[in-house]
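Visitor: What follows is target31.txt, compact mmCIF, C-alpha atoms and all ligand atoms.
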# COMPACT_ATOMS: atom_id res chain seq x y z
CA MET A 309 74.05 108.46 115.25
CA ASP A 310 76.94 106.91 117.11
CA THR A 311 80.68 107.07 116.38
CA PRO A 312 81.87 105.10 113.31
CA ASN A 313 83.72 102.54 115.39
CA SER A 314 80.58 101.47 117.19
CA TYR A 315 79.11 100.03 113.97
CA PHE A 316 82.10 97.85 113.09
CA ALA A 317 82.72 94.48 114.71
CA SER A 318 85.91 92.52 115.26
CA GLU A 319 84.36 89.15 114.38
CA TYR A 320 81.23 87.72 112.76
CA ALA A 321 79.39 86.86 115.99
CA GLU A 322 79.77 90.44 117.22
CA ALA A 323 78.60 91.82 113.87
CA ARG A 324 75.55 89.58 113.94
CA SER A 325 74.60 90.40 117.51
CA GLY A 326 75.04 94.11 116.79
CA PHE A 327 72.79 93.87 113.76
CA LEU A 328 70.13 91.91 115.66
CA ALA A 329 70.26 94.33 118.58
CA ALA A 330 69.85 97.34 116.28
CA ALA A 331 66.86 95.67 114.58
CA SER A 332 65.33 94.82 117.95
CA LYS A 333 65.76 98.40 119.17
CA ARG A 334 63.75 99.52 116.14
CA GLY A 335 61.09 96.87 116.72
CA LEU A 336 61.88 95.25 113.37
CA ALA A 337 61.17 91.60 112.70
CA VAL A 338 64.20 89.57 111.63
CA GLU A 339 63.97 86.75 109.12
CA THR A 340 66.77 84.34 109.99
CA THR A 341 67.97 81.52 107.75
CA LEU A 342 70.32 79.20 109.63
CA ASN A 343 73.31 77.60 107.98
CA SER A 344 73.86 73.98 109.09
CA LEU A 345 77.56 74.57 109.87
CA LYS A 346 79.16 76.36 112.80
CA GLY A 347 81.45 79.38 112.97
CA ALA A 348 85.13 79.61 113.83
CA LYS A 349 84.31 79.69 117.56
CA GLY A 350 81.41 77.26 117.36
CA GLU A 351 78.80 79.98 117.02
CA GLU A 352 75.59 79.77 115.00
CA LEU A 353 75.87 80.90 111.38
CA ALA A 354 72.96 82.63 109.70
CA THR A 355 71.84 85.09 107.10
CA ASP A 356 69.56 87.64 108.80
CA ALA A 357 67.22 89.94 106.91
CA VAL A 358 65.12 92.91 108.01
CA LEU A 359 62.69 95.09 106.09
CA LEU A 360 62.51 98.80 106.87
CA GLY A 361 59.54 100.82 105.71
CA ALA A 362 56.12 99.80 104.43
CA ALA A 363 55.68 96.19 103.35
CA GLU A 364 53.64 97.28 100.32
CA ALA A 365 55.90 100.17 99.19
CA PRO A 366 56.20 100.22 95.37
CA SER A 367 59.99 100.52 95.46
CA LEU A 368 62.62 98.48 97.23
CA LEU A 369 66.28 99.13 97.98
CA ILE A 370 68.29 95.99 98.77
CA VAL A 371 71.60 96.29 100.63
CA THR A 372 73.68 93.13 101.00
CA SER A 373 76.82 92.40 103.03
CA ALA A 374 79.41 89.60 103.19
CA THR A 375 78.73 88.11 99.78
CA HIS A 376 82.45 87.51 100.03
CA GLY A 377 82.55 86.41 103.68
CA VAL A 378 85.42 88.34 105.25
CA GLU A 379 84.39 91.47 103.33
CA GLY A 380 81.37 91.54 105.65
CA PHE A 381 83.14 93.58 108.33
CA CYS A 382 82.63 96.56 106.03
CA GLY A 383 79.10 95.89 104.76
CA SER A 384 77.82 94.91 108.18
CA GLY A 385 79.08 98.22 109.57
CA CYS A 386 77.22 100.10 106.83
CA GLN A 387 74.01 98.20 107.51
CA ARG A 388 74.19 98.79 111.25
CA ALA A 389 74.71 102.50 110.65
CA MET A 390 71.62 102.51 108.42
CA LEU A 391 69.52 100.94 111.16
CA ASP A 392 70.58 103.79 113.42
CA ASP A 393 69.84 106.57 110.91
CA ASP A 394 66.60 108.41 111.73
CA ASP A 395 66.87 110.80 108.80
CA LEU A 396 67.13 108.01 106.23
CA ARG A 397 64.24 106.16 107.77
CA ARG A 398 61.99 109.21 107.72
CA ARG A 399 62.50 109.48 103.97
CA LEU A 400 61.27 105.96 103.25
CA ASP A 401 57.54 106.33 103.86
CA ALA A 402 57.35 109.71 102.13
CA GLY A 403 59.01 108.25 99.04
CA GLY A 404 57.16 104.94 98.93
CA VAL A 405 60.41 103.05 99.44
CA ALA A 406 61.22 100.03 101.59
CA VAL A 407 64.73 98.80 102.37
CA LEU A 408 65.74 95.16 102.67
CA LEU A 409 68.97 94.61 104.58
CA ILE A 410 70.43 91.15 104.04
CA HIS A 411 73.13 90.68 106.66
CA ALA A 412 75.88 88.12 105.96
CA VAL A 413 75.01 86.48 102.66
CA ASN A 414 78.02 84.22 103.32
CA PRO A 415 78.22 83.84 107.12
CA HIS A 416 80.64 80.90 106.94
CA GLY A 417 83.28 82.94 105.11
CA PHE A 418 82.62 85.92 107.39
CA SER A 419 83.22 83.88 110.55
CA HIS A 420 86.12 81.81 109.20
CA LEU A 421 87.81 84.82 107.57
CA SER A 422 87.55 83.56 104.00
CA ARG A 423 86.33 85.24 100.86
CA VAL A 424 84.76 81.98 99.69
CA ASN A 425 81.93 80.00 101.27
CA GLU A 426 81.87 76.57 102.92
CA ASP A 427 82.24 74.91 99.48
CA ASN A 428 85.27 76.97 98.38
CA VAL A 429 82.86 78.82 96.08
CA ASP A 430 83.08 82.47 95.15
CA LEU A 431 79.41 83.41 95.50
CA ASN A 432 79.72 86.21 92.99
CA ARG A 433 80.57 83.60 90.36
CA ASN A 434 77.96 81.06 91.53
CA PHE A 435 74.73 82.57 90.19
CA ARG A 436 74.76 80.69 86.91
CA ALA A 437 72.61 78.13 85.13
CA TYR A 438 73.63 74.57 86.05
CA PRO A 439 74.90 72.26 84.67
CA LEU A 440 77.53 74.52 83.17
CA GLY A 441 78.78 74.37 79.61
CA THR A 442 82.40 74.55 78.58
CA GLU A 443 84.96 76.44 80.67
CA SER A 444 84.60 80.14 79.94
CA ASN A 445 87.99 81.08 81.43
CA PRO A 446 90.57 78.62 80.04
CA ALA A 447 93.40 81.03 80.88
CA TYR A 448 92.99 80.19 84.59
CA ALA A 449 94.58 76.76 84.00
CA GLU A 450 97.88 78.48 83.25
CA VAL A 451 97.96 80.49 86.49
CA HIS A 452 96.48 77.86 88.84
CA PRO A 453 99.70 75.93 89.66
CA LEU A 454 101.54 79.20 90.21
CA LEU A 455 98.82 80.53 92.53
CA LEU A 456 98.83 77.43 94.71
CA PRO A 457 102.45 76.42 95.28
CA ARG A 458 103.49 73.42 97.36
CA GLU A 459 105.06 75.62 100.05
CA TRP A 460 103.76 78.64 101.92
CA PRO A 461 105.05 81.32 102.02
CA PRO A 462 105.96 80.93 98.34
CA THR A 463 109.56 80.34 97.34
CA ASP A 464 111.52 82.96 95.41
CA ALA A 465 111.25 80.72 92.34
CA ASN A 466 107.45 80.71 92.59
CA ARG A 467 107.33 84.48 93.03
CA ALA A 468 109.53 84.93 89.99
CA ALA A 469 107.42 82.54 87.89
CA LEU A 470 104.20 84.30 88.86
CA HIS A 471 105.74 87.67 88.13
CA ALA A 472 106.90 86.43 84.73
CA CYS A 473 103.43 85.08 83.96
CA MET A 474 101.91 88.45 84.87
CA GLY A 475 104.41 90.19 82.61
CA LYS A 476 103.71 87.84 79.73
CA MET A 477 99.93 88.15 79.96
CA GLY A 478 99.77 91.83 80.87
CA ALA A 479 98.19 93.18 84.06
CA GLY A 480 94.57 93.32 82.81
CA PRO A 481 94.45 89.86 81.19
CA PHE A 482 96.28 88.38 84.20
CA GLN A 483 93.70 89.83 86.59
CA ALA A 484 90.90 88.54 84.36
CA ALA A 485 92.45 85.05 84.16
CA VAL A 486 92.75 84.90 87.94
CA SER A 487 89.54 86.57 89.05
CA SER A 488 86.83 86.39 86.40
CA GLY A 489 85.75 82.96 87.66
CA GLN A 490 86.54 79.37 86.72
CA GLN A 491 84.71 76.05 86.92
CA THR A 492 87.52 73.52 86.47
CA PHE A 493 89.60 73.64 89.67
CA LYS A 494 87.48 72.89 92.76
CA ASP A 495 90.36 73.84 95.05
CA GLY A 496 91.26 76.91 93.04
CA LEU A 497 90.63 80.61 93.40
CA PHE A 498 87.42 82.26 92.17
CA TYR A 499 85.77 78.85 91.71
CA CYS A 500 82.13 79.17 90.66
CA GLY A 501 80.91 75.80 91.99
CA SER A 502 78.93 73.04 90.32
CA GLN A 503 75.49 73.93 91.68
CA ALA A 504 73.59 76.73 93.41
CA THR A 505 75.00 77.06 96.95
CA TRP A 506 73.11 77.54 100.24
CA SER A 507 73.82 81.28 100.11
CA ASN A 508 72.58 81.44 96.53
CA ARG A 509 69.29 79.73 97.42
CA THR A 510 68.86 81.78 100.59
CA THR A 511 69.43 85.11 98.87
CA ARG A 512 67.17 84.27 95.94
CA ALA A 513 64.36 83.31 98.32
CA LEU A 514 64.66 86.62 100.21
CA VAL A 515 64.83 88.71 97.05
CA ARG A 516 61.81 86.92 95.59
CA LYS A 517 59.76 87.17 98.81
CA TYR A 518 60.42 90.85 99.43
CA GLY A 519 60.97 92.04 95.86
CA ALA A 520 58.76 90.22 93.38
CA LYS A 521 55.80 92.60 93.67
CA ARG A 522 57.79 95.84 93.52
CA LYS A 523 57.78 98.15 90.54
CA ARG A 524 61.34 99.33 91.04
CA ILE A 525 64.31 97.75 92.76
CA ALA A 526 67.73 99.23 93.49
CA TRP A 527 70.48 96.99 94.88
CA ILE A 528 73.76 97.94 96.54
CA ASP A 529 76.05 94.98 97.21
CA ILE A 530 78.94 96.04 99.47
CA HIS A 531 82.44 94.66 98.88
CA THR A 532 86.07 95.37 99.74
CA GLY A 533 89.50 94.61 98.31
CA LEU A 534 89.76 96.43 94.98
CA GLY A 535 90.71 99.99 94.10
CA PRO A 536 92.25 102.91 96.03
CA TYR A 537 92.30 102.90 99.84
CA GLY A 538 89.01 104.07 101.31
CA HIS A 539 87.40 104.85 97.98
CA GLY A 540 84.10 103.17 97.22
CA GLU A 541 84.16 102.34 93.54
CA LYS A 542 80.67 102.12 92.13
CA ILE A 543 80.72 99.05 89.92
CA PHE A 544 77.73 98.72 87.64
CA ALA A 545 76.06 95.40 88.48
CA GLY A 546 73.17 95.31 86.04
CA ALA A 547 72.71 93.73 82.64
CA ASN A 548 74.77 94.82 79.63
CA ASP A 549 72.13 97.33 78.62
CA PRO A 550 72.88 101.03 77.93
CA ALA A 551 69.53 102.14 79.36
CA GLU A 552 70.23 100.36 82.62
CA LEU A 553 73.72 101.81 82.87
CA ALA A 554 72.29 105.28 82.21
CA ARG A 555 69.76 104.75 85.00
CA ALA A 556 72.51 103.70 87.41
CA ARG A 557 74.52 106.80 86.53
CA ALA A 558 71.48 109.03 86.93
CA CYS A 559 71.11 107.61 90.42
CA TRP A 560 74.69 107.36 91.65
CA GLY A 561 76.71 109.58 89.29
CA ILE A 562 78.96 109.54 86.27
CA ASP A 563 81.52 107.58 88.28
CA VAL A 564 79.48 104.36 88.08
CA MET A 565 82.09 102.20 86.37
CA SER A 566 81.18 99.44 83.98
CA TYR A 567 83.42 96.48 83.28
CA TYR A 568 81.53 96.05 80.02
CA ASP A 569 83.57 98.98 78.73
CA GLY A 570 86.75 98.32 80.74
CA GLN A 571 86.36 101.21 83.21
CA SER A 572 86.09 99.20 86.39
CA ALA A 573 88.83 97.96 88.71
CA SER A 574 87.00 94.64 88.50
CA ALA A 575 87.32 92.16 85.66
CA GLU A 576 84.08 91.18 83.90
CA VAL A 577 82.60 88.34 85.90
CA GLN A 578 80.02 85.66 85.20
CA GLY A 579 77.54 84.49 87.80
CA SER A 580 77.26 87.61 89.94
CA MET A 581 74.64 87.58 92.68
CA VAL A 582 72.84 90.81 91.90
CA LYS A 583 71.78 89.61 88.47
CA SER A 584 69.53 87.05 90.19
CA VAL A 585 67.05 89.91 90.54
CA TYR A 586 66.03 89.53 86.90
CA ALA A 587 64.82 85.98 87.44
CA GLU A 588 63.35 86.50 90.92
CA CYS A 589 61.66 89.86 90.24
CA PRO A 590 61.01 89.82 86.48
CA ASP A 591 58.55 92.73 86.50
CA ALA A 592 60.75 95.23 88.35
CA GLU A 593 62.83 98.02 86.85
CA VAL A 594 66.35 97.38 88.17
CA THR A 595 69.13 99.78 89.17
CA ALA A 596 72.13 98.00 90.68
CA MET A 597 75.75 98.38 91.68
CA GLY A 598 78.48 96.86 93.73
CA LEU A 599 80.09 99.34 96.12
CA GLU A 600 83.71 98.20 96.28
CA TYR A 601 85.93 99.80 98.91
CA GLY A 602 89.68 99.81 98.36
CA THR A 603 91.90 98.42 101.09
CA VAL A 604 95.45 97.41 100.16
CA PRO A 605 97.10 96.97 96.71
CA PHE A 606 95.89 94.16 94.42
CA GLU A 607 99.14 92.19 94.84
CA ALA A 608 98.66 92.08 98.62
CA VAL A 609 95.02 91.02 98.25
CA LEU A 610 95.97 88.27 95.83
CA HIS A 611 98.76 87.08 98.14
CA ALA A 612 96.31 86.84 101.05
CA LEU A 613 93.81 84.90 98.94
CA ARG A 614 96.48 82.48 97.74
CA GLY A 615 97.50 81.88 101.34
CA ASP A 616 93.92 81.14 102.37
CA HIS A 617 93.45 78.62 99.55
CA TRP A 618 96.81 77.05 100.35
CA LEU A 619 95.64 76.69 103.97
CA ALA A 620 92.43 74.96 102.88
CA LEU A 621 94.61 72.38 101.13
CA HIS A 622 96.88 72.00 104.18
CA PRO A 623 94.57 71.61 107.18
CA ASP A 624 97.46 70.29 109.28
CA ALA A 625 99.45 73.51 108.93
CA ALA A 626 101.04 74.76 112.16
CA ALA A 627 98.84 76.96 114.33
CA ASP A 628 101.08 80.02 113.99
CA LYS A 629 101.13 79.72 110.20
CA ARG A 630 97.34 79.33 110.14
CA ALA A 631 96.90 82.38 112.35
CA ALA A 632 99.26 84.47 110.20
CA ILE A 633 97.41 83.52 107.00
CA LYS A 634 94.01 84.30 108.48
CA ARG A 635 95.30 87.60 109.84
CA ALA A 636 96.57 88.49 106.36
CA VAL A 637 93.16 87.72 104.83
CA ARG A 638 91.39 89.89 107.39
CA ASP A 639 93.87 92.73 106.87
CA ALA A 640 93.44 92.54 103.08
CA PHE A 641 89.67 93.05 103.27
CA TYR A 642 89.11 95.11 106.38
CA ILE A 643 91.03 98.18 107.52
CA GLU A 644 90.77 98.92 111.21
CA ASN A 645 91.57 102.62 110.90
CA ASP A 646 89.15 105.35 111.91
CA ASP A 647 89.70 107.26 108.67
CA TRP A 648 88.86 104.22 106.54
CA LYS A 649 85.71 103.46 108.52
CA GLY A 650 84.63 107.09 108.32
CA ARG A 651 85.07 107.14 104.55
CA VAL A 652 83.18 103.86 104.23
CA LEU A 653 80.18 105.10 106.19
CA GLY A 654 80.11 108.49 104.46
CA GLN A 655 80.07 107.03 100.97
CA SER A 656 77.65 104.29 101.90
CA ARG A 657 75.20 106.80 103.33
CA THR A 658 75.42 108.95 100.22
CA ALA A 659 74.79 105.94 97.95
CA VAL A 660 71.83 104.82 100.04
CA LEU A 661 70.33 108.31 100.10
CA GLN A 662 70.77 108.64 96.32
CA ALA A 663 69.02 105.31 95.79
CA ILE A 664 66.12 106.22 98.07
CA LEU A 665 65.65 109.60 96.34
CA SER A 666 65.96 108.04 92.91
CA LEU A 667 63.39 105.37 93.74
CA SER A 668 61.11 108.06 95.23
CA ALA A 669 61.27 110.35 92.23
CA LYS A 670 59.06 108.28 89.94
ZN ZN A 701 83.90 91.08 97.03
Using structure tokens, write down the structure from this file.
Ligand SMILES: [Zn+2]

Guide:
Amino acid sequence: MDTPNSYFASEYAEARSGFLAAASKRGLAVETTLNSLKGAKGEELATDAVLLGAAEAPSLLIVTSATHGVEGFCGSGCQRAMLDDDDLRRRLDAGGVAVLLIHAVNPHGFSHLSRVNEDNVDLNRNFRAYPLGTESNPAYAEVHPLLLPREWPPTDANRAALHACMGKMGAGPFQAAVSSGQQTFKDGLFYCGSQATWSNRTTRALVRKYGAKRKRIAWIDIHTGLGPYGHGEKIFAGANDPAELARARACWGIDVMSYYDGQSASAEVQGSMVKSVYAECPDAEVTAMGLEYGTVPFEAVLHALRGDHWLALHPDAAADKRAAIKRAVRDAFYIENDDWKGRVLGQSRTAVLQAILSLSAK
């Protein structure tokens, strides 16, 4: 294995080329799905997938990165480290396990330093049945005008109003109102979209192609931006089913947090990507989690997201303001410190090894 820094890129194009080079070095075929848009520097945007291990293995571990665009710096680093890990790879054939790495679920957000995709959609709210019914998060309407003020940076009056709103609602309900997903405000935060997005269709097709015939599937979807610095919170990502939660905890430990019982740093969300596995691979036994690495405090993350959405509404903003906002988004979701990267890779490797052993044990 190489040093931690060598697996982490400074921009999407570098992450992609590093992933493709690592796959090529291993002689692995890459399945590339091109996005029709271009990146921040005019580069090609794509979701790239590789399968490690035997095509007909009864069990499959899926590892996904950049579901939330800019969070892909972290997940891409983990995936590149996996491609370079001889010990993990040796365990696959013996255990009857294959691994599907899906690199950059949301390449547009990764390249353009946004959490959302090209349609302002939060992909982890987009995996729903369309057309949608009534708004499931009416509380968002109250916070929306406060989140997207006319001026950026926000005025003192806006800061005070937002603070007062948070105090009135309480921290948990406020976070849920902001982040659980909403379908009413197309320019808003945590917007779920009005139809299945390109990334949704691409991911479903890959999961179906590589997963539908498996007996058992584990899925680790790598995120950043919630929880304590450098800690990977294991957020249960399966159905609201005690047996499934017990299986996830048997695999990854008692610290698999479930938002169904209020333990997780995340609010309960609707339309998360991982749950697509039930429709695409209906015969498989599923064990799934999000691995959510903490970066900076929630308030700083929210401030960065608000700035990015404000920028989308003000495309004529001055270049220095644009650069500052994008820098803040990157800094909220990716920490360029050696200690953070080391923690990320250590916990990722443990989670992957646990999943492989768990899938092998049957
Ligand atoms: Zn995320």

Visitor: Can you tell me which residues sit at most 8 Å away from ligand ZN 701 (chain A), counting only C-alpha atoms and all ligand atoms, written as a PyMOL selection string?

Guide: chain A and resi 374-376+379+423+432+530-533+600

Visitor: Determine, counting only C-alpha atoms, which protein, DNA and RNA residues have an atom within 7 Å of an atom of Ser656 in chain A; residues of the same chain fewer than 4 positions away are not included. Present the result as a list in words.

Guide: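 Once the nearby chain positions are removed, what remains is Cys386, Val652 and Val660 of chain A.
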
Visitor: Using all atoms listed in the file - which residues lie no farther than 6 Å from the point (56.7, 102.9, 97.5) in the file's frame? Write them as a ChimeraX atom specification.

Guide: /A:365-367,404-405

Visitor: Restricting the calculation to only C-alpha atoms, which member of A:Asn645, A:Thr372, A:Asn466, A:Ser488 is positioned closest to Ala526 in chain A?

Guide: A:Thr372

Visitor: Report the centre and edge lengths, in Å to one decimal, of an axis-aligned box enclosing every atom of range 553-567 of chain A listed in the file, padded by 8 Å on each side, as AutoDock Vina command-line options.

Guide:
--center_x 76.6 --center_y 103.0 --center_z 86.9 --size_x 29.7 --size_y 29.1 --size_z 25.4

Visitor: Do a neighbour search on Gln483 in chain A at 9 Å with all atoms listed in the file, toss out local chain neighbours closer than 3 positions, and write the hits as an MDAnalysis selection string.

Guide: chainID A and resid 474 478:480 486:488 574:575

Visitor: Using all atoms listed in the file, which of A:Lys521, A:Asp646, A:Glu339, A:Trp618 sits nearest Pro453 in chain A?

Guide: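 Distance minimum relative to Pro453 in chain A lands on A:Trp618.
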
Visitor: Measuring atom to atom with all atoms listed in the file, identify which of A:Leu599, A:Ala626, A:Ala331, A:Ala337 is nearest to Gln655 in chain A.

Guide: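 Smallest separation from Gln655 in chain A among the options: A:Leu599.
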
Visitor: Which value, in Å to one decimal, gives the distance between CA of Ser668 in chain A and CA of Val564 in chain A?

Guide: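 Computing it gives 20.1 Å between the two atoms.
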
Visitor: CA of Glu541 in chain A and CA of Gly598 in chain A, how far apart in Å?

Guide: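 It comes out at 7.9 Å.
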
Visitor: Do you have the CA of Ile664 in chain A-CA of Ala412 in chain A distance handy?

Guide: 22.0 Å

Visitor: Since the input lacks atoms, please generate N, CA and C atoms for range 590-620 of chain A and provide them as a PDB file, in the coordinates of the input.

Guide:
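Resulting contents of part-v5.pdb:
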ATOM      1  N   PRO A 590      60.951  89.520  87.923  1.00  0.00           N
ATOM      2  CA  PRO A 590      61.010  89.820  86.480  1.00  0.00           C
ATOM      3  C   PRO A 590      60.263  91.082  86.074  1.00  0.00           C
ATOM      4  N   ASP A 591      59.350  91.564  86.901  1.00  0.00           N
ATOM      5  CA  ASP A 591      58.550  92.730  86.500  1.00  0.00           C
ATOM      6  C   ASP A 591      59.151  94.057  86.980  1.00  0.00           C
ATOM      7  N   ALA A 592      60.218  93.999  87.756  1.00  0.00           N
ATOM      8  CA  ALA A 592      60.750  95.230  88.350  1.00  0.00           C
ATOM      9  C   ALA A 592      61.757  95.912  87.418  1.00  0.00           C
ATOM     10  N   GLU A 593      61.770  97.242  87.509  1.00  0.00           N
ATOM     11  CA  GLU A 593      62.830  98.020  86.850  1.00  0.00           C
ATOM     12  C   GLU A 593      64.033  98.023  87.803  1.00  0.00           C
ATOM     13  N   VAL A 594      65.199  97.626  87.299  1.00  0.00           N
ATOM     14  CA  VAL A 594      66.350  97.380  88.170  1.00  0.00           C
ATOM     15  C   VAL A 594      67.431  98.443  88.009  1.00  0.00           C
ATOM     16  N   THR A 595      67.973  98.894  89.146  1.00  0.00           N
ATOM     17  CA  THR A 595      69.130  99.780  89.170  1.00  0.00           C
ATOM     18  C   THR A 595      70.103  99.195  90.196  1.00  0.00           C
ATOM     19  N   ALA A 596      71.304  98.790  89.763  1.00  0.00           N
ATOM     20  CA  ALA A 596      72.130  98.000  90.680  1.00  0.00           C
ATOM     21  C   ALA A 596      73.611  98.306  90.558  1.00  0.00           C
ATOM     22  N   MET A 597      74.285  98.249  91.713  1.00  0.00           N
ATOM     23  CA  MET A 597      75.750  98.380  91.680  1.00  0.00           C
ATOM     24  C   MET A 597      76.379  97.630  92.849  1.00  0.00           C
ATOM     25  N   GLY A 598      77.634  97.270  92.623  1.00  0.00           N
ATOM     26  CA  GLY A 598      78.480  96.860  93.730  1.00  0.00           C
ATOM     27  C   GLY A 598      79.187  98.103  94.238  1.00  0.00           C
ATOM     28  N   LEU A 599      79.329  98.231  95.540  1.00  0.00           N
ATOM     29  CA  LEU A 599      80.090  99.340  96.120  1.00  0.00           C
ATOM     30  C   LEU A 599      81.349  98.719  96.701  1.00  0.00           C
ATOM     31  N   GLU A 600      82.471  98.946  96.025  1.00  0.00           N
ATOM     32  CA  GLU A 600      83.710  98.200  96.280  1.00  0.00           C
ATOM     33  C   GLU A 600      84.751  99.116  96.913  1.00  0.00           C
ATOM     34  N   TYR A 601      85.003  98.922  98.197  1.00  0.00           N
ATOM     35  CA  TYR A 601      85.930  99.800  98.910  1.00  0.00           C
ATOM     36  C   TYR A 601      87.365  99.275  98.827  1.00  0.00           C
ATOM     37  N   GLY A 602      88.280 100.179  98.432  1.00  0.00           N
ATOM     38  CA  GLY A 602      89.680  99.810  98.360  1.00  0.00           C
ATOM     39  C   GLY A 602      90.290  99.636  99.738  1.00  0.00           C
ATOM     40  N   THR A 603      91.243  98.716  99.821  1.00  0.00           N
ATOM     41  CA  THR A 603      91.900  98.420 101.090  1.00  0.00           C
ATOM     42  C   THR A 603      93.412  98.529 100.926  1.00  0.00           C
ATOM     43  N   VAL A 604      94.005  97.459 100.391  1.00  0.00           N
ATOM     44  CA  VAL A 604      95.450  97.410 100.160  1.00  0.00           C
ATOM     45  C   VAL A 604      95.652  97.080  98.673  1.00  0.00           C
ATOM     46  N   PRO A 605      96.892  97.212  98.151  1.00  0.00           N
ATOM     47  CA  PRO A 605      97.100  96.970  96.710  1.00  0.00           C
ATOM     48  C   PRO A 605      96.705  95.548  96.273  1.00  0.00           C
ATOM     49  N   PHE A 606      96.355  95.424  94.995  1.00  0.00           N
ATOM     50  CA  PHE A 606      95.890  94.160  94.420  1.00  0.00           C
ATOM     51  C   PHE A 606      96.850  93.005  94.722  1.00  0.00           C
ATOM     52  N   GLU A 607      98.152  93.267  94.619  1.00  0.00           N
ATOM     53  CA  GLU A 607      99.140  92.190  94.840  1.00  0.00           C
ATOM     54  C   GLU A 607      99.019  91.634  96.266  1.00  0.00           C
ATOM     55  N   ALA A 608      98.781  92.530  97.232  1.00  0.00           N
ATOM     56  CA  ALA A 608      98.660  92.080  98.620  1.00  0.00           C
ATOM     57  C   ALA A 608      97.361  91.301  98.833  1.00  0.00           C
ATOM     58  N   VAL A 609      96.290  91.746  98.160  1.00  0.00           N
ATOM     59  CA  VAL A 609      95.020  91.020  98.250  1.00  0.00           C
ATOM     60  C   VAL A 609      95.169  89.630  97.660  1.00  0.00           C
ATOM     61  N   LEU A 610      95.790  89.566  96.488  1.00  0.00           N
ATOM     62  CA  LEU A 610      95.970  88.270  95.830  1.00  0.00           C
ATOM     63  C   LEU A 610      96.827  87.344  96.683  1.00  0.00           C
ATOM     64  N   HIS A 611      97.877  87.893  97.285  1.00  0.00           N
ATOM     65  CA  HIS A 611      98.760  87.080  98.140  1.00  0.00           C
ATOM     66  C   HIS A 611      97.965  86.498  99.312  1.00  0.00           C
ATOM     67  N   ALA A 612      97.121  87.313  99.911  1.00  0.00           N
ATOM     68  CA  ALA A 612      96.310  86.840 101.050  1.00  0.00           C
ATOM     69  C   ALA A 612      95.348  85.733 100.604  1.00  0.00           C
ATOM     70  N   LEU A 613      94.747  85.908  99.436  1.00  0.00           N
ATOM     71  CA  LEU A 613      93.810  84.900  98.940  1.00  0.00           C
ATOM     72  C   LEU A 613      94.526  83.580  98.634  1.00  0.00           C
ATOM     73  N   ARG A 614      95.701  83.696  98.041  1.00  0.00           N
ATOM     74  CA  ARG A 614      96.480  82.480  97.740  1.00  0.00           C
ATOM     75  C   ARG A 614      96.804  81.748  99.038  1.00  0.00           C
ATOM     76  N   GLY A 615      97.186  82.500 100.059  1.00  0.00           N
ATOM     77  CA  GLY A 615      97.500  81.880 101.340  1.00  0.00           C
ATOM     78  C   GLY A 615      96.299  81.142 101.921  1.00  0.00           C
ATOM     79  N   ASP A 616      95.128  81.756 101.808  1.00  0.00           N
ATOM     80  CA  ASP A 616      93.920  81.140 102.370  1.00  0.00           C
ATOM     81  C   ASP A 616      93.575  79.846 101.630  1.00  0.00           C
ATOM     82  N   HIS A 617      93.724  79.842 100.329  1.00  0.00           N
ATOM     83  CA  HIS A 617      93.450  78.620  99.550  1.00  0.00           C
ATOM     84  C   HIS A 617      94.512  77.557  99.828  1.00  0.00           C
ATOM     85  N   TRP A 618      95.754  78.000  99.986  1.00  0.00           N
ATOM     86  CA  TRP A 618      96.810  77.050 100.350  1.00  0.00           C
ATOM     87  C   TRP A 618      96.458  76.403 101.705  1.00  0.00           C
ATOM     88  N   LEU A 619      95.991  77.204 102.637  1.00  0.00           N
ATOM     89  CA  LEU A 619      95.640  76.690 103.970  1.00  0.00           C
ATOM     90  C   LEU A 619      94.514  75.659 103.897  1.00  0.00           C
ATOM     91  N   ALA A 620      93.545  75.919 103.029  1.00  0.00           N
ATOM     92  CA  ALA A 620      92.430  74.960 102.880  1.00  0.00           C
ATOM     93  C   ALA A 620      92.939  73.611 102.388  1.00  0.00           C
TER      94      ALA A 620
END
